[in-house]
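Peer 1: Next up is a structure, given as structure tokens.
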Amino acid sequence: MKIVIVVRHAKTAWSESEIKDHERVLEPQGVLDAEKLGQLLLQEAIIPDVVLSSSAVRASKTAAIIVANLGLSNAIIHRDDILYNATAETILSVIQSVDPLKNKVMVIAHNPGISNFVSLVTDGSSISMGTCDVAVVGFEVDSWRSCLPGTGFLSRYIENY
């Protein structure tokens, strides 16, 4: 069994300034939401072997906060430019290349790609993930390469409320 813990980055502040989208930071509520999410994931024993994060500041910071609240080392976080505003297909491709010895992967990225990914690999139902929402998708396979469109199932959805 392979499990993907899909997370949309925490809430960010929109600014009128010259800050580029890639450099946007979390707002204080986003930091609190990410901390709360990490604690909830720990409580529910939803703990990744590896974390794949978009290189955007807001996603990277969300990853760092969640990992800290899980009591894990930042060394499990792998930031990748390809996950910045990635399509569902790109996210799937990245997951298919994960070390086969890893069974639980967390992906922290952006909409619409992250929501479309969950729809792509499950039954195709439309889903719209809010900030700090989590979808846990299971695949009854032994290899990440066997994770294909429509082969996963949504085992848990955690809404940031």
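By convention here, the chains of the structure tokens are called A, B, ... in the order presented, each chain's residues are numbered starting at 1, and ligands are numbered starting at 1 in the order presented.
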Find the residues near Met106 (chain A): any atom within 10 Å, counting only C-alpha atoms, skip ones fewer than 2 places away on the same chain, and give them as a list in words.

Peer 2: Ile3, Val4, Ile5, Val6, Val7, Ile46, Ile47, Pro48, Asp49, Val50, Val51, Leu52, Ser53, Ala63, Ile77, Ile95, Lys104, Ile108, Ala109, Val134, Ala135 and Val136 of chain A

Peer 1: If you count only C-alpha atoms, which residues fall within 12 Å of Gly124 (chain A), apart from same-chain ones fewer than 2 positions away, as a list in words?

Peer 2: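 Residues near the query, excluding close chain neighbours: Ala88, Ser115, Asn116, Phe117, Val118, Ser119, Leu120, Val121, Thr122, Ser126, Ile127, Pro149, Gly150, Thr151, Gly152, Phe153 and Leu154 of chain A.
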
Peer 1: Keeping only N, CA and C atoms, write the selected residues as an mmCIF file, in the first residue's frame.

Peer 2:
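After the write, selection39.cif holds the following:
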```
data_model
loop_
_atom_site.group_PDB
_atom_site.id
_atom_site.type_symbol
_atom_site.label_atom_id
_atom_site.label_comp_id
_atom_site.auth_asym_id
_atom_site.auth_seq_id
_atom_site.Cartn_x
_atom_site.Cartn_y
_atom_site.Cartn_z
ATOM 1 N N ALA A 88 -1.834 18.560 -12.199
ATOM 2 C CA ALA A 88 -2.101 17.260 -11.580
ATOM 3 C C ALA A 88 -1.181 16.198 -12.166
ATOM 4 N N SER A 115 -5.729 20.125 -6.059
ATOM 5 C CA SER A 115 -7.107 19.608 -6.066
ATOM 6 C C SER A 115 -7.333 18.718 -7.278
ATOM 7 N N ASN A 116 -6.824 19.139 -8.415
ATOM 8 C CA ASN A 116 -6.973 18.346 -9.632
ATOM 9 C C ASN A 116 -6.253 17.007 -9.523
ATOM 10 N N PHE A 117 -5.133 16.984 -8.793
ATOM 11 C CA PHE A 117 -4.406 15.733 -8.583
ATOM 12 C C PHE A 117 -5.292 14.728 -7.854
ATOM 13 N N VAL A 118 -5.934 15.166 -6.773
ATOM 14 C CA VAL A 118 -6.798 14.260 -6.004
ATOM 15 C C VAL A 118 -7.915 13.724 -6.902
ATOM 16 N N SER A 119 -8.514 14.596 -7.701
ATOM 17 C CA SER A 119 -9.566 14.158 -8.631
ATOM 18 C C SER A 119 -9.019 13.180 -9.663
ATOM 19 N N LEU A 120 -7.828 13.462 -10.191
ATOM 20 C CA LEU A 120 -7.216 12.628 -11.221
ATOM 21 C C LEU A 120 -6.967 11.202 -10.734
ATOM 22 N N VAL A 121 -6.425 11.063 -9.540
ATOM 23 C CA VAL A 121 -6.016 9.735 -9.089
ATOM 24 C C VAL A 121 -7.113 8.964 -8.365
ATOM 25 N N THR A 122 -8.216 9.630 -8.037
ATOM 26 C CA THR A 122 -9.329 8.925 -7.394
ATOM 27 C C THR A 122 -10.419 8.685 -8.432
ATOM 28 N N SER A 126 -14.961 16.102 -8.596
ATOM 29 C CA SER A 126 -14.384 17.430 -8.443
ATOM 30 C C SER A 126 -14.154 17.727 -6.961
ATOM 31 N N ILE A 127 -12.977 18.246 -6.663
ATOM 32 C CA ILE A 127 -12.627 18.609 -5.293
ATOM 33 C C ILE A 127 -11.932 19.955 -5.337
ATOM 34 N N PRO A 149 -3.812 7.375 -12.943
ATOM 35 C CA PRO A 149 -5.120 8.020 -12.843
ATOM 36 C C PRO A 149 -6.221 6.999 -12.541
ATOM 37 N N GLY A 150 -7.062 7.338 -11.567
ATOM 38 C CA GLY A 150 -8.199 6.509 -11.223
ATOM 39 C C GLY A 150 -7.895 5.297 -10.368
ATOM 40 N N THR A 151 -6.643 5.117 -9.944
ATOM 41 C CA THR A 151 -6.295 3.914 -9.175
ATOM 42 C C THR A 151 -6.259 4.140 -7.664
ATOM 43 N N GLY A 152 -6.439 5.374 -7.228
ATOM 44 C CA GLY A 152 -6.382 5.674 -5.797
ATOM 45 C C GLY A 152 -7.770 5.813 -5.198
ATOM 46 N N PHE A 153 -7.804 5.894 -3.886
ATOM 47 C CA PHE A 153 -9.071 6.118 -3.184
ATOM 48 C C PHE A 153 -8.844 7.128 -2.065
ATOM 49 N N LEU A 154 -9.814 7.975 -1.853
ATOM 50 C CA LEU A 154 -9.743 8.988 -0.803
ATOM 51 C C LEU A 154 -10.103 8.321 0.518
#
```

Peer 1: Which residues in region 7-129 of chain A does DSSP call helix (DSSP H, G or I)? List them as a ChimeraX atom specification.

Peer 2: /A:21-23,28-43,57-69,74-76,81-83,88-96,113-121

Peer 1: Please provide as a PyMOL selection string all residues within 8 Å of Ile66 (chain A), with the sequence filter that same-chain residues fewer than 6 positions apart are discarded (counting only C-alpha atoms).

Peer 2: chain A and resi 34-35+37-39

Peer 1: How would you write, as a ChimeraX atom specification, the set of residues in region 94-138 of chain A that DSSP gives as strand (DSSP E or B)?

Peer 2: /A:104-109,134-138

Peer 1: Find the spatial neighbours of His110 (chain A), counting only C-alpha atoms, within a cut-off of 10 Å - ignore same-chain residues fewer than 3 positions away - and output them as an MDAnalysis selection string.

Peer 2: chainID A and resid 7:10 53:54 56 58:59 83:87 107 113:115 129:131

Peer 1: How about saving the chosen residues, C-alpha atoms kept, as a compact mmCIF listing (two decimals), in the first residue's frame?

Peer 2:
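Result file is again-v5.txt:
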```
# COMPACT_ATOMS: atom_id res chain seq x y z
CA VAL A 7 -1.72 19.27 1.54
CA ARG A 8 -2.54 22.69 0.18
CA HIS A 9 -0.18 25.30 1.66
CA ALA A 10 -1.41 27.42 4.57
CA SER A 53 7.16 20.60 -1.22
CA SER A 54 6.82 23.30 -3.80
CA ALA A 56 7.46 28.64 -3.01
CA ARG A 58 4.45 29.63 1.55
CA ALA A 59 4.63 25.90 0.74
CA LEU A 83 5.85 21.52 -7.80
CA TYR A 84 5.38 25.31 -7.93
CA ASN A 85 1.99 25.72 -9.64
CA ALA A 86 2.30 22.17 -11.00
CA THR A 87 -0.49 20.44 -12.89
CA VAL A 107 2.99 16.60 -1.09
CA GLY A 113 -3.05 21.45 -9.39
CA ILE A 114 -3.30 19.91 -5.93
CA SER A 115 -7.11 19.61 -6.07
CA MET A 129 -9.01 22.10 -1.45
CA GLY A 130 -8.86 25.17 0.76
CA THR A 131 -5.68 26.36 2.43
```

Peer 1: In Å to one decimal, how far is CA of Met1 (chain A) from CA of Leu41 (chain A)?

Peer 2: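 About the pair CA of Leu41 (chain A) and CA of Met1 (chain A): they are 18.8 Å apart.
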
Peer 1: From the set A:Arg79, A:Leu32, A:Leu72, A:Lys2, which residue has the shortest atom-to-atom contact distance to Ser55 (chain A), counting only C-alpha atoms?

Peer 2: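 For Ser55 (chain A), the nearest of the given residues is A:Arg79.
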
Peer 1: In Å, rounded to a single decimal, give me how far CA of Thr90 (chain A) is from CA of Ser146 (chain A).

Peer 2: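 Separation of CA of Ser146 (chain A) and CA of Thr90 (chain A): 15.3 Å.
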
Peer 1: Go ahead and compute the interatomic distance for CA of Asp142 (chain A) and CA of Pro100 (chain A), in Å to one decimal.

Peer 2: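 So the two atoms, CA of Asp142 (chain A) and CA of Pro100 (chain A), lie 8.1 Å apart.
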
Peer 1: Have a look at A:Ala13, A:Ala68, A:Val105, A:Ile158 and name the one nearest to Ile91 (chain A); count only C-alpha atoms.

Peer 2: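 Of A:Ala13, A:Ala68, A:Val105, A:Ile158, the one nearest Ile91 (chain A) is A:Val105, counting only C-alpha atoms.
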